[in-house]
>>> print(open('upload.txt').read())   # compact mmCIF, C-alpha atoms
# COMPACT_ATOMS: atom_id res chain seq x y z
CA MET R 1 4.00 -36.66 -20.43
CA THR R 2 4.57 -34.48 -17.40
CA ASP R 3 8.34 -35.09 -17.68
CA LYS R 4 8.28 -33.29 -21.01
CA MET R 5 6.22 -30.37 -19.82
CA LYS R 6 7.62 -27.31 -18.06
CA ILE R 7 5.43 -24.78 -16.32
CA ILE R 8 6.71 -21.22 -16.30
CA GLU R 9 5.17 -18.69 -13.94
CA VAL R 10 5.20 -15.82 -16.40
CA LYS R 11 3.40 -13.30 -14.21
CA GLN R 12 5.76 -13.88 -11.31
CA SER R 13 8.76 -13.54 -13.63
CA VAL R 14 7.44 -10.33 -15.15
CA PHE R 15 6.86 -8.78 -11.74
CA ALA R 16 10.29 -9.85 -10.46
CA ASP R 17 12.05 -8.32 -13.46
CA ASN R 18 10.00 -5.15 -13.17
CA ASP R 19 10.70 -4.81 -9.43
CA ALA R 20 14.44 -5.06 -10.05
CA ASP R 21 14.28 -2.45 -12.81
CA ALA R 22 12.13 -0.19 -10.63
CA GLU R 23 14.58 -0.34 -7.74
CA LYS R 24 17.42 0.52 -10.11
CA LEU R 25 15.52 3.53 -11.46
CA ARG R 26 14.65 4.69 -7.94
CA LYS R 27 18.33 4.64 -6.95
CA GLU R 28 19.31 6.54 -10.10
CA LEU R 29 16.74 9.25 -9.41
CA LYS R 30 17.81 9.42 -5.78
CA SER R 31 21.42 9.97 -6.84
CA GLU R 32 20.44 12.89 -9.06
CA LYS R 33 18.09 14.24 -6.35
CA THR R 34 14.90 13.92 -8.34
CA PHE R 35 11.73 12.86 -6.53
CA LEU R 36 9.33 10.77 -8.63
CA LEU R 37 5.65 10.89 -7.66
CA ASN R 38 3.37 8.22 -9.10
CA LEU R 39 -0.19 9.61 -9.08
CA MET R 40 -2.98 7.10 -9.67
CA SER R 41 -6.78 7.09 -9.73
CA ALA R 42 -9.85 6.08 -11.69
CA PRO R 43 -10.77 8.16 -14.76
CA GLY R 44 -12.53 11.41 -13.93
CA SER R 45 -11.29 11.69 -10.35
CA GLY R 46 -9.59 15.02 -11.05
CA LYS R 47 -5.92 14.01 -11.34
CA THR R 48 -5.01 16.70 -13.86
CA THR R 49 -6.95 19.44 -12.07
CA THR R 50 -5.29 18.45 -8.81
CA LEU R 51 -1.91 18.58 -10.52
CA VAL R 52 -2.56 22.08 -11.85
CA GLN R 53 -3.42 23.30 -8.35
CA THR R 54 -0.38 21.52 -6.90
CA ILE R 55 2.11 22.77 -9.48
CA ASN R 56 0.94 26.37 -9.28
CA ARG R 57 1.44 26.33 -5.51
CA LEU R 58 4.86 24.67 -5.55
CA GLU R 59 6.53 26.03 -8.68
CA LYS R 60 8.17 28.92 -6.82
CA ASP R 61 10.02 26.48 -4.59
CA LEU R 62 10.46 23.39 -6.79
CA LYS R 63 11.41 22.65 -10.37
CA ILE R 64 8.61 20.41 -11.63
CA GLY R 65 8.10 18.18 -14.65
CA VAL R 66 5.05 16.08 -15.54
CA MET R 67 4.62 12.86 -17.50
CA GLU R 68 1.02 12.34 -18.61
CA ALA R 69 0.27 8.68 -19.37
CA ASP R 70 -2.74 7.65 -21.43
CA ILE R 71 -3.67 4.91 -23.84
CA ASP R 72 -4.11 7.66 -26.43
CA SER R 73 -4.64 11.46 -26.79
CA ASP R 74 -2.53 14.35 -25.50
CA VAL R 75 -5.27 16.34 -23.78
CA ASP R 76 -3.76 16.20 -20.29
CA ALA R 77 -0.24 17.20 -21.38
CA TYR R 78 -1.68 20.25 -23.17
CA THR R 79 -3.69 21.14 -20.07
CA ILE R 80 -0.55 21.10 -17.91
CA ALA R 81 1.37 23.13 -20.51
CA GLU R 82 -1.40 25.73 -20.82
CA LYS R 83 -2.23 26.14 -17.14
CA THR R 84 1.20 25.81 -15.50
CA ASN R 85 4.85 26.57 -16.18
CA ALA R 86 5.90 22.97 -15.64
CA LYS R 87 7.59 20.99 -18.35
CA SER R 88 5.21 18.28 -19.61
CA ILE R 89 5.31 15.33 -21.96
CA GLN R 90 2.66 12.83 -23.07
CA LEU R 91 3.27 9.09 -22.83
CA HIS R 92 1.15 6.75 -24.95
CA THR R 93 0.99 3.21 -23.60
CA GLY R 94 -0.11 1.52 -26.81
CA GLY R 95 -3.19 0.02 -25.21
CA MET R 96 -1.57 -0.90 -21.89
CA CYS R 97 -3.64 0.03 -18.83
CA HIS R 98 -0.60 0.89 -16.70
CA LEU R 99 3.04 1.96 -16.75
CA ASP R 100 5.84 -0.32 -15.62
CA ALA R 101 9.40 0.63 -14.66
CA ASP R 102 10.81 0.41 -18.19
CA MET R 103 8.06 2.60 -19.63
CA THR R 104 8.59 5.08 -16.81
CA ARG R 105 12.33 5.09 -17.51
CA GLN R 106 11.63 6.04 -21.13
CA GLY R 107 9.48 8.92 -19.92
CA VAL R 108 12.12 10.05 -17.43
CA LYS R 109 14.69 10.12 -20.22
CA GLU R 110 12.47 12.18 -22.52
CA LEU R 111 11.48 14.55 -19.71
CA ASP R 112 15.17 15.00 -18.84
CA THR R 113 14.79 14.98 -15.06
CA LYS R 114 18.35 15.89 -14.08
CA ASP R 115 17.45 19.50 -13.33
CA LEU R 116 14.08 18.73 -11.74
CA ASP R 117 13.30 18.55 -8.03
CA ILE R 118 10.17 16.51 -8.69
CA ALA R 119 8.87 14.54 -11.66
CA ILE R 120 5.20 13.65 -11.49
CA LEU R 121 3.84 10.65 -13.34
CA GLU R 122 0.09 10.86 -13.91
CA ASN R 123 -0.58 7.18 -14.46
CA VAL R 124 -3.29 5.70 -16.67
CA GLY R 125 -6.76 6.11 -15.16
CA ASN R 126 -7.38 2.75 -13.52
CA LEU R 127 -7.66 1.47 -9.94
CA VAL R 128 -6.40 -2.02 -10.76
CA CYS R 129 -3.43 -2.42 -13.13
CA PRO R 130 -1.31 0.61 -12.10
CA ALA R 131 -1.23 -0.65 -8.52
CA GLU R 132 0.39 -3.93 -9.60
CA PHE R 133 3.51 -2.44 -11.20
CA ASP R 134 6.30 -0.63 -9.36
CA THR R 135 7.27 2.34 -11.53
CA GLY R 136 10.40 3.23 -9.58
CA ALA R 137 8.59 6.09 -7.88
CA SER R 138 9.75 7.68 -4.65
CA MET R 139 6.13 7.76 -3.50
CA ASN R 140 2.74 6.47 -4.62
CA VAL R 141 -0.39 8.60 -4.19
CA CYS R 142 -3.96 7.83 -5.21
CA ILE R 143 -6.94 10.09 -5.68
CA LEU R 144 -10.46 9.02 -4.74
CA SER R 145 -13.23 11.43 -5.73
CA VAL R 146 -16.45 11.79 -3.78
CA PRO R 147 -18.75 10.73 -6.68
CA GLU R 148 -16.96 7.36 -6.85
CA GLY R 149 -18.25 6.36 -3.42
CA ASP R 150 -16.68 5.66 -0.05
CA ASP R 151 -16.38 1.89 -0.57
CA LYS R 152 -13.50 1.91 -3.06
CA PRO R 153 -10.80 0.91 -0.52
CA LEU R 154 -12.80 -2.27 0.05
CA LYS R 155 -13.26 -3.02 -3.65
CA TYR R 156 -9.72 -2.19 -4.82
CA PRO R 157 -7.54 -3.09 -1.82
CA LEU R 158 -4.14 -3.19 -3.52
CA MET R 159 -4.31 0.41 -4.71
CA PHE R 160 -4.83 1.71 -1.18
CA THR R 161 -2.34 -0.74 0.32
CA ILE R 162 0.63 0.34 -1.82
CA CYS R 163 0.02 4.10 -1.59
CA ASP R 164 1.66 6.48 0.86
CA ALA R 165 -1.17 9.00 0.66
CA MET R 166 -4.75 9.28 -0.52
CA ILE R 167 -6.31 12.49 -1.76
CA ILE R 168 -10.10 12.64 -1.40
CA ASN R 169 -11.10 15.06 -4.15
CA LYS R 170 -14.34 16.93 -4.88
CA ILE R 171 -15.32 17.44 -1.25
CA ASP R 172 -17.25 20.50 -2.45
CA VAL R 173 -19.99 18.12 -3.71
CA CYS R 174 -20.21 15.91 -0.62
CA ASP R 175 -23.73 17.15 0.10
CA TYR R 176 -24.96 15.81 -3.24
CA PHE R 177 -23.61 12.28 -2.87
CA ASP R 178 -24.03 9.49 -0.35
CA PHE R 179 -20.39 9.71 0.73
CA ASP R 180 -19.35 9.05 4.33
CA MET R 181 -15.98 10.63 5.12
CA GLU R 182 -15.57 8.65 8.32
CA LYS R 183 -16.32 5.36 6.61
CA VAL R 184 -13.83 5.98 3.78
CA ARG R 185 -11.17 6.74 6.37
CA GLU R 186 -12.06 3.56 8.24
CA TYR R 187 -11.92 1.45 5.08
CA ALA R 188 -8.67 3.04 3.91
CA TYR R 189 -6.92 2.60 7.26
CA LYS R 190 -8.07 -1.02 7.27
CA ARG R 191 -5.99 -1.50 4.12
CA ASN R 192 -3.14 0.74 5.20
CA PRO R 193 -2.89 2.09 8.76
CA ASN R 194 -0.05 4.43 7.76
CA LEU R 195 -1.93 6.07 4.89
CA LYS R 196 -1.90 9.86 4.93
CA ILE R 197 -5.30 11.28 3.91
CA PHE R 198 -5.98 14.73 2.40
CA PRO R 199 -9.59 15.80 1.75
CA ILE R 200 -9.50 18.52 -0.92
CA SER R 201 -11.44 20.29 -3.62
CA ALA R 202 -9.23 20.82 -6.65
CA LYS R 203 -11.97 23.07 -8.02
CA THR R 204 -12.20 25.51 -5.11
CA GLY R 205 -8.70 24.95 -3.67
CA GLU R 206 -9.97 23.85 -0.26
CA GLY R 207 -7.44 21.62 1.50
CA VAL R 208 -4.87 21.84 -1.30
CA ASP R 209 -2.35 23.83 0.74
CA GLU R 210 -2.10 21.09 3.37
CA TRP R 211 -1.46 18.49 0.67
CA CYS R 212 1.14 20.69 -1.05
CA ASN R 213 2.99 21.48 2.18
CA TRP R 214 3.22 17.78 2.99
CA LEU R 215 4.44 16.93 -0.51
CA LYS R 216 7.04 19.69 -0.38
CA GLU R 217 8.38 18.25 2.90
CA LYS R 218 8.67 14.78 1.34
CA VAL R 219 10.49 16.12 -1.71
CA THR R 220 12.89 18.10 0.46
CA GLU R 221 13.65 15.06 2.61
CA TRP R 222 14.25 12.86 -0.47
CA ASN R 223 16.55 15.38 -2.12
CA LYS R 224 18.83 16.01 0.87
>>> encode(input="upload.txt", output="structure tokens")
Amino acid sequence: MTDKMKIIEVKQSVFADNDADAEKLRKELKSEKTFLLNLMSAPGSGKTTTLVQTINRLEKDLKIGVMEADIDSDVDAYTIAEKTNAKSIQLHTGGMCHLDADMTRQGVKELDTKDLDIAILENVGNLVCPAEFDTGASMNVCILSVPEGDDKPLKYPLMFTICDAMIINKIDVCDYFDFDMEKVREYAYKRNPNLKIFPISAKTGEGVDEWCNWLKEKVTEWNK
């Protein structure tokens, strides 16, 4: 009976195909000098508010476009369009809890990135699935908000392992939550010793300049 049965590792095959497609997309974007930022977090962490602050600080120096990914709705794309001058489009995933390289490629095509210095993908709100799929991004960044707790790097290790930077948002409410800044740094560095960490408040603007200056440097280096 076993001679007639073939086992196919579907998940491994899917990831391998996606990784190849992601690398191809990354090279294409590099050739046209477009930096792709994959921004990930749990729902409610302040991704869109952080993006608004970031875009409004960088738009004088960089041409920016945004792809807002959600299972449904177009609320975030409208927010970007209303509060910034960046070009924005909404991507509906049809129930998928993440974007893969092919879905990102479709968004890149619709956004028309050829004249952009940076395209920002606001991934679906989720600390699990988005971390598993390479989107072809130049850099991965995650946001952890203070109300979520300082233990998230321990609970969701892959997200913090694959990211180049972590933004700790909502530091303006630290006094109201049992959030230990030193512990979250310790836990995050345990997963990724090279992780760059930016404590900010997207609401008040505290710390946002440091994050934006660093991002601008990375975009400039990529686009040389």
>>> closest_residue(input="upload.txt", among="R:Ile64, R:Ala137, R:Leu91, R:Met40", to="Lys27 (chain R)", atoms="only C-alpha atoms")
R:Ala137
>>> residues_around(input="upload.txt", residues="region 165-170 of chain R", least_positions_apart="4", cutoff="10 Å", atoms="all atoms listed in the file", output="short mmCIF file (atom, residue, chain, number, x, y, z; two decimals) with C-alpha atoms, in the frame of the given file")
data_model
loop_
_atom_site.label_atom_id
_atom_site.label_comp_id
_atom_site.auth_asym_id
_atom_site.auth_seq_id
_atom_site.Cartn_x
_atom_site.Cartn_y
_atom_site.Cartn_z
CA LEU R 39 -0.19 9.61 -9.08
CA MET R 40 -2.98 7.10 -9.67
CA SER R 41 -6.78 7.09 -9.73
CA SER R 45 -11.29 11.69 -10.35
CA GLY R 46 -9.59 15.02 -11.05
CA LYS R 47 -5.92 14.01 -11.34
CA THR R 49 -6.95 19.44 -12.07
CA THR R 50 -5.29 18.45 -8.81
CA MET R 139 6.13 7.76 -3.50
CA ASN R 140 2.74 6.47 -4.62
CA VAL R 141 -0.39 8.60 -4.19
CA CYS R 142 -3.96 7.83 -5.21
CA ILE R 143 -6.94 10.09 -5.68
CA LEU R 144 -10.46 9.02 -4.74
CA SER R 145 -13.23 11.43 -5.73
CA VAL R 146 -16.45 11.79 -3.78
CA PRO R 147 -18.75 10.73 -6.68
CA ASP R 150 -16.68 5.66 -0.05
CA MET R 159 -4.31 0.41 -4.71
CA PHE R 160 -4.83 1.71 -1.18
CA THR R 161 -2.34 -0.74 0.32
CA CYS R 174 -20.21 15.91 -0.62
CA MET R 181 -15.98 10.63 5.12
CA VAL R 184 -13.83 5.98 3.78
CA ARG R 185 -11.17 6.74 6.37
CA ALA R 188 -8.67 3.04 3.91
CA ASN R 192 -3.14 0.74 5.20
CA ASN R 194 -0.05 4.43 7.76
CA LEU R 195 -1.93 6.07 4.89
CA LYS R 196 -1.90 9.86 4.93
CA ILE R 197 -5.30 11.28 3.91
CA PHE R 198 -5.98 14.73 2.40
CA PRO R 199 -9.59 15.80 1.75
CA ILE R 200 -9.50 18.52 -0.92
CA SER R 201 -11.44 20.29 -3.62
CA ALA R 202 -9.23 20.82 -6.65
CA LYS R 203 -11.97 23.07 -8.02
CA THR R 204 -12.20 25.51 -5.11
CA GLY R 205 -8.70 24.95 -3.67
CA GLU R 206 -9.97 23.85 -0.26
CA GLY R 207 -7.44 21.62 1.50
CA VAL R 208 -4.87 21.84 -1.30
CA TRP R 211 -1.46 18.49 0.67
CA LEU R 215 4.44 16.93 -0.51
#
>>> closest_residue(input="upload.txt", among="R:Gly107, R:Gly149, R:Gly136, R:Gly65", to="His92 (chain R)", atoms="all atoms listed in the file")
R:Gly107
>>> closest_residue(input="upload.txt", among="R:Thr104, R:Ser31, R:Thr113, R:Asn85", to="Gln53 (chain R)", atoms="all atoms listed in the file")
R:Asn85
>>> atom_distance(input="upload.txt", atom1="CA of Asn123 (chain R)", atom2="CA of Asp19 (chain R)")
17.2 Å
>>> closest_residue(input="upload.txt", among="R:Thr54, R:Ser138, R:Asn38, R:Ser73", to="His98 (chain R)", atoms="only C-alpha atoms")
R:Asn38
>>> residues_around(input="upload.txt", residues="Ala22 (chain R)", least_positions_apart="6", cutoff="10 Å", atoms="all atoms listed in the file", output="VMD selection string")
chain R and resid 16 28 100 to 102 104 to 105 133 to 137
>>> closest_residue(input="upload.txt", among="R:Val14, R:Ile71, R:Cys212, R:Leu158", to="Ala131 (chain R)", atoms="all atoms listed in the file")
R:Leu158
>>> atom_distance(input="upload.txt", atom1="CA of Phe177 (chain R)", atom2="CA of Pro157 (chain R)")
22.3 Å
>>> residues_near_point(input="upload.txt", point="(10.1, 18.0, -22.5)", cutoff="8 Å", atoms="only C-alpha atoms", output="NGL selection string")
:R and (87-89 or 110-112)
>>> atom_distance(input="upload.txt", atom1="CA of Leu37 (chain R)", atom2="CA of Asp117 (chain R)")
10.8 Å
>>> closest_residue(input="upload.txt", among="R:Ala69, R:Lys218, R:Ile118, R:Lys24", to="Asp164 (chain R)", atoms="all atoms listed in the file")
R:Lys218
>>> residues_around(input="upload.txt", residues="Lys114 (chain R)", least_positions_apart="3", cutoff="8 Å", atoms="all atoms listed in the file", output="tab-separated table (two decimals) with C-alpha atoms, keeping the file's coordinate frame")
chain	number	residue	atom	x	y	z
R	32	GLU	CA	20.44	12.89	-9.06
R	33	LYS	CA	18.09	14.24	-6.35
R	34	THR	CA	14.90	13.92	-8.34
